Amino acid sequence: MARLAQTADLTDIQREILSTVRSFVDKEIIPHAQELEHGDVYPQEIVDGLKELGIFGLMIPEEYGGLGESLLTYALVVEEIARGWMSVSGVINTHFIVAYMIRQHGTQEQKEHFLPRMATGEVRGAFSMSEPGLGSDVAGIRTKAVQDGDSYVIDGQKMWLTNGGSSTLVAALVRTDLGADKPHQNLTTFLVEKPAGFGTVAPGLTIPGKIDKMGYKGVDTTELVFDGYRIGADMILGGQPGRGFAQMMDGVEVGRVNVAARACGISIRAFELAVEYAQQRETFGKPIVQHQAIAFQLAEMATKVEAAHLMMVNAARLKDAGQRNDVEAGMAKLIASEYCAEVTTQSFRIHGGYGYSKEYEIERLMREAPFLLIGEGTSEIQKTIISRGLLKEYGLKR
Ligand SMILES: Cc1cc2nc3c(=O)[nH]c(=O)nc-3n(C[C@H](O)[C@H](O)[C@H](O)COP(=O)(O)OP(=O)(O)OC[C@H]3O[C@@H](n4cnc5c(N)ncnc54)[C@H](O)[C@@H]3O)c2cc1C
């Protein structure tokens with residue numbers, strides 16, 4: 001058993017799930033990740049394997065056919081998967097956020113309609129807030145839905161949908177003019193059902209091709225264009241317009257734990273690669289690990305892995321206990337993603353010139369880590385959330 005990133009007080013079921021996923025990652029993901037990533041190939045066999053393991057329904061309640069597990073279990077599973085290949089964790093992340101949002105905020109009909117099929121992975125979720133002109137400034141969303149009888153007509157362009165092509169259900173945040181003073185109170189989440197694929201997949205709904213990214217390959221990231229797209233009012237998440245911002249922020253809060261978990265997984269892998277390489281590579285007559293400069297790098301990397309893991313686990317446990325975790329999830333996401341960028345760079349440097357070769361796994365991790373500084377809110381946005389939260393607690397009482 002590895003010493004790093006252990007989690008105290010897990011149940012037998014959690015331990016069993018994690019051991020099954022870890023062996024799946026070692027056998028089915030790590031050996032294929034490099035080739036699939038370099039070819040930008042969708043990991044269909046891996047996804048099918050995850051479906052069989054029940055991962056798509058991990059947090060969906062048992063009454064809807066899921067495993068009813070906690071956010072902590074989910075985050076630890078994501079950490080294991082990202083240790084193998086971050087793109088695979090990307091395939092399940094948006095699905096998980098949408099299932100969580102339906103579970104927390106959906107009407108009974110919406111839960112019954114979507115959750116059982118999401119638990120099996122038959123329906124696959126994507127979520128869409130960002131637009132070409134905005135990402136951090138969510139309240140400024142321009143894509144607009146106008147009511148027309150029992151339905152709404154949506155026009156506008158969304159950007160950066162992870163799983164935009166492969167999903168069959170998109171939770172899309174759009175503007176509905178309700179006359180509220182605060183812009184975010186005019187936002188509504190629609191549950192947009194569509195076939196998987198690219199091009200015009202439904203009347204008024206186009207998913208142009210995949211965006212070509214520097215890393216995070218295999219998983220599709222797309223735009224989405226609404227052009228007079230008609231959708232029933234019953235597809236508003238929770239049935240009432242104007243609640244979309246709060247619903248999405250709730251979803252993103254668990255998404256932040258997920259991104260922190262991914263960062264931990266990549267950092268663990270970067271450490272594993274470095275510690276192995278440092279004992280094999282010799283310079284000046286001895287393995288490089290015997291140079292104190294390298295040994296100290298490993299010590300620093302391991303300390304960062306441990307700190308990030310503990311903060312991620314803390315944020316997940318708070319949410320599971322029903323407490324607010326905005327500050328803690330922000331902190332976990334901030335530190336885990338910043339440390340991940342540092343740890344992968346340290347591992348890369350320990351690999352010397354070979355780290356720059358596409359034959360070595362660290363090359364891929366170096367391209368994955370930067371995304372975590374951006375996705376689910378940049379580091380600057382995390383600092384904004386953390387400082388606002390702290391000032392609520394520590395503000396001077398006048
Ligand atoms: C691969 C990939 C996948 C993605 N998947 C999804 C997805 O599935 N769904 C989705 O909705 N979005 C997705 N996104 C979008 C992502 O959430 C946004 O890119 C991110 O929130 C940042 O927004 P932006 O790119 O518009 O940057 P901007 O908001 O334009 O920010 C640019 C820079 O300014 C800084 N900045 C902005 N505002 C402030 C401020 N108030 N104070 C200080 N600094 C500030 C930012 O930190 C950043 O450094 C994805 C992005 C990528 C790259």
# chains A, B, ... in the order shown; residues from 1 in each chain; ligands from 1
call {"tool": "residues_near_ligand", "arguments": {"ligand": "ligand 1", "cutoff": "8 Å", "atoms": "only C-alpha atoms and all ligand atoms", "output": "JSON, numbers by chain"}}
result
{"A": [94, 126, 127, 128, 129, 130, 131, 132, 133, 134, 135, 136, 137, 158, 159, 160, 161, 162, 163, 164, 213, 216, 221, 371, 374, 375, 376, 377, 378, 379, 380, 381, 384]}
call {"tool": "write_last_selection", "arguments": {"atoms": "C-alpha atoms", "output": "JSON list (two decimals), in the first residue's frame"}}
result
[["chain", "number", "residue", "atom", "x", "y", "z"],
["A", 94, "THR", "CA", -19.81, 16.84, -16.21],
["A", 126, "ALA", "CA", -22.65, 17.95, -20.00],
["A", 127, "PHE", "CA", -23.03, 21.36, -18.42],
["A", 128, "SER", "CA", -22.77, 24.71, -20.09],
["A", 129, "MET", "CA", -22.25, 28.09, -18.52],
["A", 130, "SER", "CA", -19.37, 29.59, -20.51],
["A", 131, "GLU", "CA", -19.82, 31.62, -23.71],
["A", 132, "PRO", "CA", -17.31, 32.99, -26.22],
["A", 133, "GLY", "CA", -17.35, 36.35, -24.40],
["A", 134, "LEU", "CA", -17.34, 35.14, -20.79],
["A", 135, "GLY", "CA", -16.28, 32.42, -18.42],
["A", 136, "SER", "CA", -15.56, 33.89, -15.00],
["A", 137, "ASP", "CA", -18.33, 36.48, -15.23],
["A", 158, "LYS", "CA", -22.18, 28.62, -25.70],
["A", 159, "MET", "CA", -18.50, 27.72, -25.48],
["A", 160, "TRP", "CA", -16.24, 25.10, -23.93],
["A", 161, "LEU", "CA", -18.66, 22.26, -23.33],
["A", 162, "THR", "CA", -16.73, 19.29, -22.03],
["A", 163, "ASN", "CA", -18.49, 16.22, -23.52],
["A", 164, "GLY", "CA", -20.49, 18.57, -25.76],
["A", 213, "LYS", "CA", -6.73, 21.58, -27.28],
["A", 216, "TYR", "CA", -6.96, 16.90, -22.13],
["A", 221, "THR", "CA", -14.79, 19.90, -25.83],
["A", 371, "PHE", "CA", -6.17, 23.13, -17.43],
["A", 374, "ILE", "CA", -8.60, 27.35, -15.29],
["A", 375, "GLY", "CA", -11.49, 24.82, -15.19],
["A", 376, "GLU", "CA", -14.34, 25.28, -12.63],
["A", 377, "GLY", "CA", -13.06, 28.81, -11.98],
["A", 378, "THR", "CA", -9.52, 30.15, -12.28],
["A", 379, "SER", "CA", -7.21, 30.58, -9.30],
["A", 380, "GLU", "CA", -8.08, 34.29, -9.22],
["A", 381, "ILE", "CA", -11.78, 33.43, -8.97],
["A", 384, "THR", "CA", -12.19, 35.96, -4.75]]
call {"tool": "residues_around", "arguments": {"residues": "Leu173 of chain A", "least_positions_apart": "2", "cutoff": "8 Å", "atoms": "only C-alpha atoms", "output": "list in words"}}
result
Ser128, Met129, Ile141, Ala171, Arg175, Leu187, Thr188, Thr189, Phe190, Gly244, Phe245 and Met248 of chain A
call {"tool": "residues_around", "arguments": {"residues": "segment 193-195 of chain A", "least_positions_apart": "4", "cutoff": "7 Å", "atoms": "only C-alpha atoms", "output": "list in words"}}
result
Thr168, Leu169, Val170, Val201 and Ala202 of chain A
call {"tool": "write_last_selection", "arguments": {"atoms": "N, CA, C and O atoms", "output": "PDB file, in the first residue's frame"}}
result
ATOM      1  N   THR A 168     -25.769  13.396 -24.061  1.00  0.00           N
ATOM      2  CA  THR A 168     -27.134  13.417 -24.602  1.00  0.00           C
ATOM      3  C   THR A 168     -28.051  14.328 -23.776  1.00  0.00           C
ATOM      4  O   THR A 168     -29.237  14.409 -24.026  1.00  0.00           O
ATOM      5  N   LEU A 169     -27.462  14.957 -22.768  1.00  0.00           N
ATOM      6  CA  LEU A 169     -28.239  15.876 -21.923  1.00  0.00           C
ATOM      7  C   LEU A 169     -27.319  17.017 -21.498  1.00  0.00           C
ATOM      8  O   LEU A 169     -26.290  16.775 -20.860  1.00  0.00           O
ATOM      9  N   VAL A 170     -27.704  18.252 -21.878  1.00  0.00           N
ATOM     10  CA  VAL A 170     -26.878  19.408 -21.495  1.00  0.00           C
ATOM     11  C   VAL A 170     -27.672  20.281 -20.531  1.00  0.00           C
ATOM     12  O   VAL A 170     -28.784  20.703 -20.849  1.00  0.00           O
ATOM     13  N   VAL A 201     -27.754  18.678 -34.616  1.00  0.00           N
ATOM     14  CA  VAL A 201     -28.228  17.417 -34.032  1.00  0.00           C
ATOM     15  C   VAL A 201     -29.724  17.454 -33.731  1.00  0.00           C
ATOM     16  O   VAL A 201     -30.336  16.422 -33.482  1.00  0.00           O
ATOM     17  N   ALA A 202     -30.301  18.650 -33.736  1.00  0.00           N
ATOM     18  CA  ALA A 202     -31.754  18.813 -33.535  1.00  0.00           C
ATOM     19  C   ALA A 202     -32.111  20.155 -34.168  1.00  0.00           C
ATOM     20  O   ALA A 202     -31.234  21.007 -34.343  1.00  0.00           O
TER      21      ALA A 202
END
call {"tool": "residues_around", "arguments": {"residues": "Met118 of chain A", "least_positions_apart": "5", "cutoff": "8 Å", "atoms": "only C-alpha atoms", "output": "list of chain:residue names"}}
result
A:Phe56, A:Gly57, A:His95, A:Ala99, A:Val123, A:Arg124, A:Gly125
call {"tool": "closest_atom_pairs", "arguments": {"of": "segment 97-136 of chain A", "to": "segment 66-86 of chain A", "cutoff": "9 Å", "atoms": "only C-alpha atoms", "output": "CSV"}}
result
residue,atom,partner,partner_atom,distance
A:Leu115,CA,A:Gly66,CA,8.2
A:Pro116,CA,A:Gly66,CA,7.3
A:Met118,CA,A:Gly66,CA,8.6
A:Ala119,CA,A:Gly66,CA,5.1
A:Thr120,CA,A:Gly66,CA,7.8
call {"tool": "select_by_dssp", "arguments": {"residues": "segment 55-273 of chain A", "states": "strand (DSSP E)", "output": "short mmCIF file (atom, residue, chain, number, x, y, z; two decimals) with C-alpha atoms, in the first residue's frame"}}
result
data_model
loop_
_atom_site.label_atom_id
_atom_site.label_comp_id
_atom_site.auth_asym_id
_atom_site.auth_seq_id
_atom_site.Cartn_x
_atom_site.Cartn_y
_atom_site.Cartn_z
CA GLY A 125 -24.51 14.78 -19.03
CA ALA A 126 -22.65 17.95 -20.00
CA PHE A 127 -23.03 21.36 -18.42
CA SER A 128 -22.77 24.71 -20.09
CA LYS A 144 -31.39 34.13 -24.16
CA ALA A 145 -34.60 32.11 -23.76
CA VAL A 146 -37.90 33.83 -24.58
CA GLN A 147 -41.18 32.31 -23.45
CA ASP A 148 -43.71 31.42 -26.14
CA SER A 151 -42.30 26.56 -24.36
CA TYR A 152 -39.22 28.77 -24.68
CA VAL A 153 -37.15 29.69 -27.74
CA ILE A 154 -33.39 29.88 -27.15
CA ASP A 155 -30.85 31.85 -29.20
CA GLY A 156 -27.16 32.32 -28.56
CA GLN A 157 -23.77 30.65 -28.47
CA LYS A 158 -22.18 28.62 -25.70
CA MET A 159 -18.50 27.72 -25.48
CA TRP A 160 -16.24 25.10 -23.93
CA LEU A 161 -18.66 22.26 -23.33
CA THR A 162 -16.73 19.29 -22.03
CA LEU A 169 -28.24 15.88 -21.92
CA VAL A 170 -26.88 19.41 -21.49
CA ALA A 171 -27.68 21.52 -18.44
CA ALA A 172 -27.46 24.97 -20.06
CA LEU A 173 -27.55 28.25 -18.15
CA VAL A 174 -29.26 30.99 -20.15
CA ARG A 175 -30.85 34.39 -19.61
CA LEU A 187 -30.69 33.13 -15.20
CA THR A 188 -32.37 29.78 -15.73
CA THR A 189 -31.03 26.24 -16.22
CA PHE A 190 -32.62 24.25 -19.04
CA LEU A 191 -32.21 20.49 -19.39
CA VAL A 192 -31.55 20.12 -23.12
CA GLU A 193 -31.93 16.57 -24.44
CA GLY A 199 -23.38 19.14 -36.63
CA THR A 200 -27.05 20.12 -36.44
CA VAL A 201 -28.23 17.42 -34.03
CA ALA A 202 -31.75 18.81 -33.54
CA LEU A 205 -29.24 23.08 -32.08
CA THR A 206 -25.74 22.73 -33.55
CA ILE A 207 -22.61 21.24 -32.02
CA THR A 221 -14.79 19.90 -25.83
CA THR A 222 -17.14 21.86 -28.09
CA GLU A 223 -19.19 24.94 -28.77
CA LEU A 224 -23.00 24.80 -28.84
CA VAL A 225 -25.15 27.08 -30.99
CA PHE A 226 -28.82 27.71 -30.27
CA ASP A 227 -30.69 29.20 -33.23
CA GLY A 228 -34.40 29.39 -32.53
CA TYR A 229 -34.20 26.18 -30.49
CA ARG A 230 -37.58 25.37 -28.92
CA ILE A 231 -37.80 23.64 -25.54
CA GLY A 232 -40.72 22.92 -23.18
#
call {"tool": "residues_around", "arguments": {"residues": "segment 257-259 of chain A", "least_positions_apart": "6", "cutoff": "7 Å", "atoms": "only C-alpha atoms", "output": "list in words"}}
result
Ala75, Val78, Met312, Ala315, Ala316, Ala329, Ala332, Lys333 and Leu372 of chain A
call {"tool": "atom_distance", "arguments": {"atom1": "atom CA of Ala270 of chain A", "atom2": "atom CA of Gly251 of chain A"}}
result
28.7 Å
call {"tool": "decode", "arguments": {"residues": "segment 183-285 of chain A", "atoms": "C-alpha atoms", "output": "PDB file, in the first residue's frame"}}
result
ATOM      1  CA  PRO A 183     -28.490  39.968 -13.318  1.00  0.00           C
ATOM      2  CA  HIS A 184     -27.878  36.512 -11.824  1.00  0.00           C
ATOM      3  CA  GLN A 185     -31.513  36.312 -10.706  1.00  0.00           C
ATOM      4  CA  ASN A 186     -32.549  36.340 -14.364  1.00  0.00           C
ATOM      5  CA  LEU A 187     -30.688  33.133 -15.197  1.00  0.00           C
ATOM      6  CA  THR A 188     -32.369  29.776 -15.730  1.00  0.00           C
ATOM      7  CA  THR A 189     -31.028  26.243 -16.219  1.00  0.00           C
ATOM      8  CA  PHE A 190     -32.624  24.248 -19.041  1.00  0.00           C
ATOM      9  CA  LEU A 191     -32.212  20.487 -19.393  1.00  0.00           C
ATOM     10  CA  VAL A 192     -31.547  20.124 -23.121  1.00  0.00           C
ATOM     11  CA  GLU A 193     -31.928  16.568 -24.440  1.00  0.00           C
ATOM     12  CA  LYS A 194     -30.149  15.867 -27.723  1.00  0.00           C
ATOM     13  CA  PRO A 195     -28.610  13.004 -29.646  1.00  0.00           C
ATOM     14  CA  ALA A 196     -24.845  12.466 -29.330  1.00  0.00           C
ATOM     15  CA  GLY A 197     -22.813  13.674 -32.308  1.00  0.00           C
ATOM     16  CA  PHE A 198     -21.716  16.756 -34.175  1.00  0.00           C
ATOM     17  CA  GLY A 199     -23.381  19.137 -36.628  1.00  0.00           C
ATOM     18  CA  THR A 200     -27.053  20.122 -36.435  1.00  0.00           C
ATOM     19  CA  VAL A 201     -28.228  17.417 -34.032  1.00  0.00           C
ATOM     20  CA  ALA A 202     -31.754  18.813 -33.535  1.00  0.00           C
ATOM     21  CA  PRO A 203     -33.743  21.661 -35.122  1.00  0.00           C
ATOM     22  CA  GLY A 204     -32.057  24.889 -33.941  1.00  0.00           C
ATOM     23  CA  LEU A 205     -29.237  23.084 -32.084  1.00  0.00           C
ATOM     24  CA  THR A 206     -25.743  22.729 -33.547  1.00  0.00           C
ATOM     25  CA  ILE A 207     -22.612  21.242 -32.015  1.00  0.00           C
ATOM     26  CA  PRO A 208     -19.722  22.279 -34.247  1.00  0.00           C
ATOM     27  CA  GLY A 209     -16.658  19.995 -34.219  1.00  0.00           C
ATOM     28  CA  LYS A 210     -14.217  19.410 -31.371  1.00  0.00           C
ATOM     29  CA  ILE A 211     -12.005  22.266 -30.182  1.00  0.00           C
ATOM     30  CA  ASP A 212      -8.351  21.301 -30.728  1.00  0.00           C
ATOM     31  CA  LYS A 213      -6.731  21.581 -27.276  1.00  0.00           C
ATOM     32  CA  MET A 214      -3.127  21.470 -26.067  1.00  0.00           C
ATOM     33  CA  GLY A 215      -3.925  18.555 -23.744  1.00  0.00           C
ATOM     34  CA  TYR A 216      -6.959  16.897 -22.129  1.00  0.00           C
ATOM     35  CA  LYS A 217      -7.359  15.073 -25.422  1.00  0.00           C
ATOM     36  CA  GLY A 218      -9.671  12.175 -26.178  1.00  0.00           C
ATOM     37  CA  VAL A 219     -12.557  13.833 -24.354  1.00  0.00           C
ATOM     38  CA  ASP A 220     -14.474  16.195 -26.663  1.00  0.00           C
ATOM     39  CA  THR A 221     -14.791  19.898 -25.833  1.00  0.00           C
ATOM     40  CA  THR A 222     -17.138  21.857 -28.088  1.00  0.00           C
ATOM     41  CA  GLU A 223     -19.192  24.939 -28.774  1.00  0.00           C
ATOM     42  CA  LEU A 224     -22.998  24.799 -28.842  1.00  0.00           C
ATOM     43  CA  VAL A 225     -25.148  27.085 -30.986  1.00  0.00           C
ATOM     44  CA  PHE A 226     -28.824  27.710 -30.274  1.00  0.00           C
ATOM     45  CA  ASP A 227     -30.692  29.195 -33.234  1.00  0.00           C
ATOM     46  CA  GLY A 228     -34.402  29.390 -32.534  1.00  0.00           C
ATOM     47  CA  TYR A 229     -34.205  26.177 -30.486  1.00  0.00           C
ATOM     48  CA  ARG A 230     -37.583  25.367 -28.923  1.00  0.00           C
ATOM     49  CA  ILE A 231     -37.803  23.642 -25.542  1.00  0.00           C
ATOM     50  CA  GLY A 232     -40.716  22.915 -23.178  1.00  0.00           C
ATOM     51  CA  ALA A 233     -41.059  24.867 -19.933  1.00  0.00           C
ATOM     52  CA  ASP A 234     -41.070  21.479 -18.165  1.00  0.00           C
ATOM     53  CA  MET A 235     -37.366  21.222 -19.008  1.00  0.00           C
ATOM     54  CA  ILE A 236     -36.480  24.101 -16.660  1.00  0.00           C
ATOM     55  CA  LEU A 237     -34.451  22.520 -13.849  1.00  0.00           C
ATOM     56  CA  GLY A 238     -36.719  22.529 -10.800  1.00  0.00           C
ATOM     57  CA  GLY A 239     -39.643  23.914 -12.809  1.00  0.00           C
ATOM     58  CA  GLN A 240     -39.147  27.589 -11.866  1.00  0.00           C
ATOM     59  CA  PRO A 241     -37.167  30.124 -13.918  1.00  0.00           C
ATOM     60  CA  GLY A 242     -34.626  32.442 -12.238  1.00  0.00           C
ATOM     61  CA  ARG A 243     -32.943  29.844 -10.047  1.00  0.00           C
ATOM     62  CA  GLY A 244     -30.278  28.771 -12.510  1.00  0.00           C
ATOM     63  CA  PHE A 245     -27.337  30.705 -11.075  1.00  0.00           C
ATOM     64  CA  ALA A 246     -27.718  29.228  -7.577  1.00  0.00           C
ATOM     65  CA  GLN A 247     -28.244  25.727  -9.020  1.00  0.00           C
ATOM     66  CA  MET A 248     -25.108  25.986 -11.158  1.00  0.00           C
ATOM     67  CA  MET A 249     -23.007  27.383  -8.302  1.00  0.00           C
ATOM     68  CA  ASP A 250     -24.090  24.406  -6.186  1.00  0.00           C
ATOM     69  CA  GLY A 251     -23.022  22.085  -9.011  1.00  0.00           C
ATOM     70  CA  VAL A 252     -19.736  23.899  -9.503  1.00  0.00           C
ATOM     71  CA  GLU A 253     -18.969  23.644  -5.780  1.00  0.00           C
ATOM     72  CA  VAL A 254     -18.906  19.871  -6.032  1.00  0.00           C
ATOM     73  CA  GLY A 255     -17.131  20.266  -9.379  1.00  0.00           C
ATOM     74  CA  ARG A 256     -14.368  22.134  -7.556  1.00  0.00           C
ATOM     75  CA  VAL A 257     -13.813  19.200  -5.222  1.00  0.00           C
ATOM     76  CA  ASN A 258     -13.647  17.095  -8.347  1.00  0.00           C
ATOM     77  CA  VAL A 259     -11.026  19.327  -9.979  1.00  0.00           C
ATOM     78  CA  ALA A 260      -9.001  19.277  -6.749  1.00  0.00           C
ATOM     79  CA  ALA A 261      -9.223  15.467  -6.819  1.00  0.00           C
ATOM     80  CA  ARG A 262      -8.014  15.386 -10.408  1.00  0.00           C
ATOM     81  CA  ALA A 263      -5.094  17.610  -9.503  1.00  0.00           C
ATOM     82  CA  CYS A 264      -4.224  15.224  -6.655  1.00  0.00           C
ATOM     83  CA  GLY A 265      -4.358  12.251  -9.024  1.00  0.00           C
ATOM     84  CA  ILE A 266      -2.042  13.876 -11.558  1.00  0.00           C
ATOM     85  CA  SER A 267       0.345  14.978  -8.803  1.00  0.00           C
ATOM     86  CA  ILE A 268       0.467  11.460  -7.369  1.00  0.00           C
ATOM     87  CA  ARG A 269       1.308  10.059 -10.794  1.00  0.00           C
ATOM     88  CA  ALA A 270       3.964  12.746 -11.411  1.00  0.00           C
ATOM     89  CA  PHE A 271       5.525  11.841  -8.065  1.00  0.00           C
ATOM     90  CA  GLU A 272       5.412   8.090  -8.808  1.00  0.00           C
ATOM     91  CA  LEU A 273       7.134   8.641 -12.153  1.00  0.00           C
ATOM     92  CA  ALA A 274       9.781  10.907 -10.627  1.00  0.00           C
ATOM     93  CA  VAL A 275      10.635   8.684  -7.679  1.00  0.00           C
ATOM     94  CA  GLU A 276      11.041   5.684  -9.990  1.00  0.00           C
ATOM     95  CA  TYR A 277      13.109   7.531 -12.557  1.00  0.00           C
ATOM     96  CA  ALA A 278      15.332   9.117  -9.897  1.00  0.00           C
ATOM     97  CA  GLN A 279      16.376   5.666  -8.683  1.00  0.00           C
ATOM     98  CA  GLN A 280      17.137   4.390 -12.195  1.00  0.00           C
ATOM     99  CA  ARG A 281      18.972   7.323 -13.745  1.00  0.00           C
ATOM    100  CA  GLU A 282      22.625   7.653 -12.797  1.00  0.00           C
ATOM    101  CA  THR A 283      24.864  10.692 -13.030  1.00  0.00           C
ATOM    102  CA  PHE A 284      28.329  11.180 -11.591  1.00  0.00           C
ATOM    103  CA  GLY A 285      28.466   7.511 -10.564  1.00  0.00           C
TER     104      GLY A 285
END
